[in-house]
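Asks: I'd like to ask you about the structure that follows.
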Amino acid sequence: MELATRRHFFYHGNEEYVHERPDCHWCQIRSFPTHQTTPITVVNEVDGEVLPSNFRFINERVFGQGVQRAEESFRSGCACASDASCQYTGCLCLADIDESDSNDDEDDEMNDEFGGRGGFNEDGSRKPTRGSEPQKAYAYHSHGAKAGRLRSKLHDSKFPLYECHQGCACTAQCPNRVVERGRTLPLEIFRTENRGWGVRSSHSIKKGQFVDCYLGEIITSAEADRRRAASAISQRKDVYLFALDKFTDPESLDPRLRGPPLEVDGEFMSGPTRFINHSCAPNLRIFARVGDHADKHLHDLAFFAIKDIPAGVELTFDYVDGVAEEGEEPSGNVEDMTRCLCGSSKCRKFLW
Ligand SMILES: C[S@@+](CC[C@H](N)C(=O)[O-])C[C@H]1O[C@@H](n2cnc3c(N)ncnc32)[C@H](O)[C@@H]1O
């Protein structure tokens, strides 16, 4: 433990050191309401390194300059009288879908969850849409042992997840509020042997289970470009910047969706997911999640498990998901590229 942090750790209650609290990672983590139930912890059993002192833990996203939620008058939610209704087409949050799309299967494999009846093709691609809005489907298993987990057909897809939210008539227990309810797992940031910090959980995680969101400062694309240009880590700055481009469409009637999209910068303020490393054979994937449809330009980035993950196994995602193919030869000068140390048999050898 860093000397200053060590002193602070033992004397954080002492008024003399109260000014150090905002910069103390331990105080930041400890202040979160989830600290008692699903804490974030930091361990280093490898070397003397501590988390970057210019990094701050946050538990909700921060809006940068020029970034705003939709005005109240544009906001809307479902009017479902019971939470159970939010799994069906009558729910405004899933409104554009055919009756047959909203099936209620308990088990994908047995019932072929979307079974050709729903809004998805066999390869996970979306079926043709009616009108300009894409169809929406209830993304989670509705009951049984898998309740609340992402349906298997979505694991390989790029579909956004449409959830109920605070503006809806349903309750906070509505089954279609998985991401909104937040992280339900403790996460540990740990020092890896060769890739800096990584993340794991002391709990086993089931395939389809929600893990956490990628948090950070939401900034305009102009500000993101400015930060890229000014960054001490040059093009690697991109590893902390995620574009909120799921709904970007130059022809959109909504000017906020015409692009360029907003971006999330997690380098200096974020949650534990900012420390998740890359693997060419990952156990997590990121999905765009929408609550209020008026806030599509601010959609969430939600990590879900795409495999059963035993307790203590490192959590990883593919940094270039869908861009790089297995066995693809690296383009560019290999000397200038960063070697991938994921260790998987499917390793593509380079990060970028
Ligand atoms: C988003 S950060 C992940 C957390 C990081 N390990 C840390 O200590 O802050 C991304 C950086 O982690 C390292 N990294 C992540 N995955 C890696 C991998 N598979 N092989 C080598 N380095 C990796 C690279 O240095 C990369 O720039």
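Note on naming: chains are A, B, ... as they come in the structure tokens, residues start from 1 per chain, ligands start from 1 in the order shown.
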Taking only C-alpha atoms and all ligand atoms into account, report as a VMD selection string which residues have an atom no farther than 8 Å from an atom of ligand 1.
Replies: chain A and resid 51 191 to 192 194 to 198 236 239 to 240 267 274 to 280 338 to 343 350 to 351
Asks: DSSP on the backbone: what in range 278-340 of chain A comes out helix (DSSP H, G or I), as a list in words?
Replies: His293, Ala294, Asp295, Lys296, His297, Leu298, Val334, Glu335 and Asp336 of chain A
Asks: Go through A:Ser157, A:Arg256, A:Thr220, A:Leu284 one by one, measure the shortest atom-to-atom distance of each to Gly66 in chain A using only C-alpha atoms, and give the residue with the smallest value.
Replies: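 Between A:Ser157, A:Arg256, A:Thr220, A:Leu284, the residue approaching Gly66 in chain A most closely is A:Thr220.
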Asks: Taking into account only C-alpha atoms, which residue in the set A:Val67, A:Val50, A:Ile205, A:Ala169 is nearest to Leu262 in chain A?
Replies: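 Looking at the shortest contact to Leu262 in chain A, the residue is A:Val67.
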Asks: Of the residues A:Cys78, A:Ser252, A:Pro260, A:Thr184, which is the one nearest to Thr171 in chain A, using only C-alpha atoms?
Replies: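 Closest to Thr171 in chain A, using only C-alpha atoms: A:Cys78.
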